[in-house]
Amino acid sequence: MKHLVPEFEKLRERFPAGFESSLALPCLRRIQEDRGYVADSDIEELAVFLGVPQIQIEEVLSFYTQFRRKPIGRWHLQFCHNVSCSMNGAENVLAHVERRLGIKPGQTTPDGRYTLSTVECLGSCGTAPMMMVNDGYHENLTLAKLDELLQGLK
Ligand code: FES
């Protein structure tokens, strides 16, 4: 995390004095973008940088599900399995990907390329079923679309 401190210092300038703890969220996002996940050492160093107790950083991490605490695959496939997606075949598309990749939600392929997750509503119910691949949305999924998508993930 230390190499990100100059960026965090610039961020700090945009926050009023006394609101340093509000920096935790953008700093954690940047750490995850840089490393792929938030390590224990990042929590310790960020707590020192912000001058807050470590538990405050851990609370933020446990509240926001988009933060990861361990390494994941290069491609993170997050399938929504909430009501609209479920009613439009989410289980079917997920099962298809499970078969193709040979992993279940919560697992990463042995080559480290793909991590599969199920998540709650991603706010795209009108285009269900849908999933995210890293930061991108993929909507109105069909098995053929999934096959094409997986083919393009190098
Ligand atoms: S239920 Fe899947 S995006 Fe809302």
# chains A, B, ... in the order shown; residues from 1 in each chain; ligands from 1
>>> select_by_dssp(residues="region 23-131 of chain A", states="strand (DSSP E)", output="list in words")
Trp75, His76, Leu77, Gln78, Phe79, Cys80, Tyr114, Thr115, Leu116, Ser117, Thr118, Val119 and Met131 of chain A
>>> residues_around(residues="region 86-94 of chain A", least_positions_apart="6", cutoff="8 Å", atoms="only C-alpha atoms", output="ChimeraX atom specification")
/A:79-80,128-130,141-143,146
>>> atom_distance(atom1="CA of Lys2 (chain A)", atom2="CA of Leu46 (chain A)")
9.0 Å
>>> residues_near_ligand(ligand="ligand 1", cutoff="8 Å", atoms="only C-alpha atoms and all ligand atoms", output="MDAnalysis selection string")
chainID A and resid 80:86 120:131
>>> atom_distance(atom1="CA of Glu44 (chain A)", atom2="CA of Met1 (chain A)")
9.9 Å
>>> closest_residue(among="A:Val97, A:Leu4, A:Ile103, A:Leu25", to="Gln66 (chain A)", atoms="only C-alpha atoms")
A:Leu25
>>> atom_distance(atom1="CA of His3 (chain A)", atom2="CA of Leu77 (chain A)")
28.8 Å
>>> residues_around(residues="Arg69 (chain A)", least_positions_apart="6", cutoff="12 Å", atoms="only C-alpha atoms", output="count of residues only")
15
>>> closest_residue(among="A:Glu98, A:Asn134, A:Ile72, A:Asp147", to="Thr115 (chain A)", atoms="only C-alpha atoms")
A:Ile72
>>> residues_around(residues="region 16-18 of chain A", least_positions_apart="3", cutoff="12 Å", atoms="only C-alpha atoms", output="ChimeraX atom specification")
/A:11-13,21-23,50-52
>>> write_last_selection(atoms="C-alpha atoms", output="CSV table (one decimal), in the first residue's frame")
chain,number,residue,atom,x,y,z
A,11,LEU,CA,-7.2,12.6,-1.8
A,12,ARG,CA,-6.9,13.8,1.7
A,13,GLU,CA,-6.6,17.4,0.4
A,21,SER,CA,-11.9,8.5,8.3
A,22,SER,CA,-14.2,9.1,5.3
A,23,LEU,CA,-11.1,8.5,3.2
A,50,LEU,CA,-5.8,7.6,8.5
A,51,GLY,CA,-5.2,7.7,12.2
A,52,VAL,CA,-8.2,5.4,12.9
>>> select_by_dssp(residues="region 16-70 of chain A", states="helix (DSSP H, G or I)", output="ChimeraX atom specification")
/A:20-35,40-50,54-63
>>> write_last_selection(atoms="N, CA and C atoms", output="JSON list (two decimals), in the first residue's frame")
[["chain", "number", "residue", "atom", "x", "y", "z"],
["A", 20, "GLU", "N", -11.09, 12.60, 8.07],
["A", 20, "GLU", "CA", -10.11, 11.70, 7.49],
["A", 20, "GLU", "C", -10.63, 10.26, 7.37],
["A", 21, "SER", "N", -11.48, 9.86, 8.34],
["A", 21, "SER", "CA", -11.95, 8.47, 8.30],
["A", 21, "SER", "C", -12.81, 8.21, 7.06],
["A", 22, "SER", "N", -13.39, 9.28, 6.48],
["A", 22, "SER", "CA", -14.19, 9.11, 5.26],
["A", 22, "SER", "C", -13.33, 8.71, 4.07],
["A", 23, "LEU", "N", -12.03, 8.87, 4.22],
["A", 23, "LEU", "CA", -11.11, 8.49, 3.15],
["A", 23, "LEU", "C", -10.98, 6.98, 3.02],
["A", 24, "ALA", "N", -11.43, 6.25, 4.02],
["A", 24, "ALA", "CA", -11.22, 4.80, 4.01],
["A", 24, "ALA", "C", -11.78, 4.17, 2.74],
["A", 25, "LEU", "N", -12.98, 4.56, 2.35],
["A", 25, "LEU", "CA", -13.63, 3.94, 1.20],
["A", 25, "LEU", "C", -12.84, 4.14, -0.11],
["A", 26, "PRO", "N", -12.53, 5.39, -0.50],
["A", 26, "PRO", "CA", -11.77, 5.54, -1.75],
["A", 26, "PRO", "C", -10.38, 4.91, -1.67],
["A", 27, "CYS", "N", -9.76, 4.94, -0.49],
["A", 27, "CYS", "CA", -8.43, 4.32, -0.36],
["A", 27, "CYS", "C", -8.54, 2.81, -0.54],
["A", 28, "LEU", "N", -9.55, 2.20, 0.06],
["A", 28, "LEU", "CA", -9.71, 0.75, -0.06],
["A", 28, "LEU", "C", -10.00, 0.36, -1.50],
["A", 29, "ARG", "N", -10.81, 1.17, -2.17],
["A", 29, "ARG", "CA", -11.10, 0.89, -3.59],
["A", 29, "ARG", "C", -9.82, 0.91, -4.42],
["A", 30, "ARG", "N", -8.99, 1.88, -4.14],
["A", 30, "ARG", "CA", -7.72, 2.01, -4.90],
["A", 30, "ARG", "C", -6.78, 0.86, -4.58],
["A", 31, "ILE", "N", -6.73, 0.46, -3.32],
["A", 31, "ILE", "CA", -5.88, -0.67, -2.93],
["A", 31, "ILE", "C", -6.33, -1.93, -3.67],
["A", 32, "GLN", "N", -7.64, -2.15, -3.70],
["A", 32, "GLN", "CA", -8.14, -3.36, -4.36],
["A", 32, "GLN", "C", -7.88, -3.32, -5.87],
["A", 33, "GLU", "N", -8.03, -2.13, -6.43],
["A", 33, "GLU", "CA", -7.75, -1.97, -7.86],
["A", 33, "GLU", "C", -6.28, -2.30, -8.14],
["A", 34, "ASP", "N", -5.41, -1.92, -7.22],
["A", 34, "ASP", "CA", -3.98, -2.11, -7.41],
["A", 34, "ASP", "C", -3.55, -3.56, -7.16],
["A", 35, "ARG", "N", -3.99, -4.15, -6.07],
["A", 35, "ARG", "CA", -3.53, -5.48, -5.67],
["A", 35, "ARG", "C", -4.49, -6.59, -6.07],
["A", 40, "ASP", "N", -4.25, -8.07, 4.89],
["A", 40, "ASP", "CA", -4.18, -7.65, 6.29],
["A", 40, "ASP", "C", -3.21, -6.48, 6.47],
["A", 41, "SER", "N", -2.08, -6.55, 5.76],
["A", 41, "SER", "CA", -1.08, -5.48, 5.90],
["A", 41, "SER", "C", -1.65, -4.15, 5.40],
["A", 42, "ASP", "N", -2.53, -4.20, 4.39],
["A", 42, "ASP", "CA", -3.15, -2.96, 3.90],
["A", 42, "ASP", "C", -4.01, -2.32, 4.98],
["A", 43, "ILE", "N", -4.74, -3.16, 5.70],
["A", 43, "ILE", "CA", -5.61, -2.66, 6.77],
["A", 43, "ILE", "C", -4.77, -1.96, 7.84],
["A", 44, "GLU", "N", -3.68, -2.64, 8.23],
["A", 44, "GLU", "CA", -2.81, -2.06, 9.27],
["A", 44, "GLU", "C", -2.24, -0.72, 8.80],
["A", 45, "GLU", "N", -1.72, -0.69, 7.58],
["A", 45, "GLU", "CA", -1.08, 0.53, 7.08],
["A", 45, "GLU", "C", -2.10, 1.65, 6.86],
["A", 46, "LEU", "N", -3.27, 1.28, 6.36],
["A", 46, "LEU", "CA", -4.28, 2.32, 6.13],
["A", 46, "LEU", "C", -4.78, 2.91, 7.45],
["A", 47, "ALA", "N", -4.93, 2.06, 8.47],
["A", 47, "ALA", "CA", -5.37, 2.55, 9.78],
["A", 47, "ALA", "C", -4.36, 3.57, 10.32],
["A", 48, "VAL", "N", -3.08, 3.27, 10.15],
["A", 48, "VAL", "CA", -2.04, 4.20, 10.61],
["A", 48, "VAL", "C", -2.12, 5.49, 9.79],
["A", 49, "PHE", "N", -2.25, 5.36, 8.47],
["A", 49, "PHE", "CA", -2.31, 6.54, 7.60],
["A", 49, "PHE", "C", -3.48, 7.44, 7.96],
["A", 50, "LEU", "N", -4.63, 6.82, 8.22],
["A", 50, "LEU", "CA", -5.84, 7.61, 8.51],
["A", 50, "LEU", "C", -5.94, 8.03, 9.98],
["A", 54, "GLN", "N", -8.00, 0.00, 13.58],
["A", 54, "GLN", "CA", -8.12, -0.99, 12.50],
["A", 54, "GLN", "C", -9.55, -1.50, 12.35],
["A", 55, "ILE", "N", -10.25, -1.61, 13.48],
["A", 55, "ILE", "CA", -11.61, -2.14, 13.43],
["A", 55, "ILE", "C", -12.50, -1.29, 12.53],
["A", 56, "GLN", "N", -12.19, -0.01, 12.45],
["A", 56, "GLN", "CA", -12.99, 0.88, 11.59],
["A", 56, "GLN", "C", -12.82, 0.51, 10.12],
["A", 57, "ILE", "N", -11.61, 0.15, 9.75],
["A", 57, "ILE", "CA", -11.34, -0.28, 8.36],
["A", 57, "ILE", "C", -12.03, -1.63, 8.12],
["A", 58, "GLU", "N", -11.92, -2.51, 9.10],
["A", 58, "GLU", "CA", -12.52, -3.84, 8.95],
["A", 58, "GLU", "C", -14.04, -3.76, 8.85],
["A", 59, "GLU", "N", -14.64, -2.81, 9.56],
["A", 59, "GLU", "CA", -16.10, -2.62, 9.46],
["A", 59, "GLU", "C", -16.51, -2.21, 8.06],
["A", 60, "VAL", "N", -15.73, -1.32, 7.45],
["A", 60, "VAL", "CA", -16.03, -0.89, 6.08],
["A", 60, "VAL", "C", -15.92, -2.10, 5.14],
["A", 61, "LEU", "N", -14.86, -2.88, 5.33],
["A", 61, "LEU", "CA", -14.64, -4.04, 4.45],
["A", 61, "LEU", "C", -15.75, -5.08, 4.58],
["A", 62, "SER", "N", -16.24, -5.28, 5.79],
["A", 62, "SER", "CA", -17.26, -6.32, 5.96],
["A", 62, "SER", "C", -18.64, -5.82, 5.53],
["A", 63, "PHE", "N", -18.84, -4.51, 5.51],
["A", 63, "PHE", "CA", -20.15, -3.97, 5.11],
["A", 63, "PHE", "C", -20.31, -4.00, 3.59]]
>>> residues_around(residues="Leu116 (chain A)", least_positions_apart="3", cutoff="6 Å", atoms="only C-alpha atoms", output="JSON list (two decimals) with C-alpha atoms, in the first residue's frame")
[["chain", "number", "residue", "atom", "x", "y", "z"],
["A", 77, "LEU", "CA", -17.67, -13.72, -12.89],
["A", 105, "PRO", "CA", -19.40, -20.29, -6.76],
["A", 106, "GLY", "CA", -16.67, -19.24, -4.34],
["A", 107, "GLN", "CA", -14.00, -21.15, -6.27]]
>>> residues_around(residues="Trp75 (chain A)", least_positions_apart="3", cutoff="12 Å", atoms="only C-alpha atoms", output="VMD selection string")
chain A and resid 36 71 to 72 78 101 107 to 109 111 to 117 132 to 136 149 to 150 152 to 154
>>> write_last_selection(atoms="C-alpha atoms", output="mmCIF file, in the first residue's frame")
data_model
loop_
_atom_site.group_PDB
_atom_site.id
_atom_site.type_symbol
_atom_site.label_atom_id
_atom_site.label_comp_id
_atom_site.auth_asym_id
_atom_site.auth_seq_id
_atom_site.Cartn_x
_atom_site.Cartn_y
_atom_site.Cartn_z
ATOM 1 C CA GLY A 36 -6.754 -7.255 -6.596
ATOM 2 C CA PRO A 71 -6.717 -13.104 -4.264
ATOM 3 C CA ILE A 72 -9.138 -14.050 -7.018
ATOM 4 C CA GLN A 78 -20.426 -12.552 -10.559
ATOM 5 C CA LEU A 101 -15.185 -23.989 -15.955
ATOM 6 C CA GLN A 107 -14.001 -21.152 -6.267
ATOM 7 C CA THR A 108 -11.202 -20.182 -8.644
ATOM 8 C CA THR A 109 -9.966 -22.312 -11.527
ATOM 9 C CA ASP A 111 -4.939 -21.796 -13.517
ATOM 10 C CA GLY A 112 -6.081 -18.655 -11.667
ATOM 11 C CA ARG A 113 -8.025 -17.343 -14.645
ATOM 12 C CA TYR A 114 -11.632 -17.426 -13.409
ATOM 13 C CA THR A 115 -13.376 -16.896 -10.088
ATOM 14 C CA LEU A 116 -17.074 -17.604 -9.853
ATOM 15 C CA SER A 117 -19.420 -15.859 -7.407
ATOM 16 C CA MET A 132 -20.676 -8.900 -14.027
ATOM 17 C CA VAL A 133 -17.270 -9.788 -15.389
ATOM 18 C CA ASN A 134 -14.818 -7.670 -13.434
ATOM 19 C CA ASP A 135 -16.368 -4.182 -13.707
ATOM 20 C CA GLY A 136 -18.540 -4.807 -16.782
ATOM 21 C CA LEU A 149 -18.226 -14.255 -23.766
ATOM 22 C CA LEU A 150 -16.053 -16.971 -22.229
ATOM 23 C CA GLY A 152 -13.342 -13.752 -25.534
ATOM 24 C CA LEU A 153 -11.847 -13.757 -22.011
ATOM 25 C CA LYS A 154 -8.158 -14.274 -22.647
#
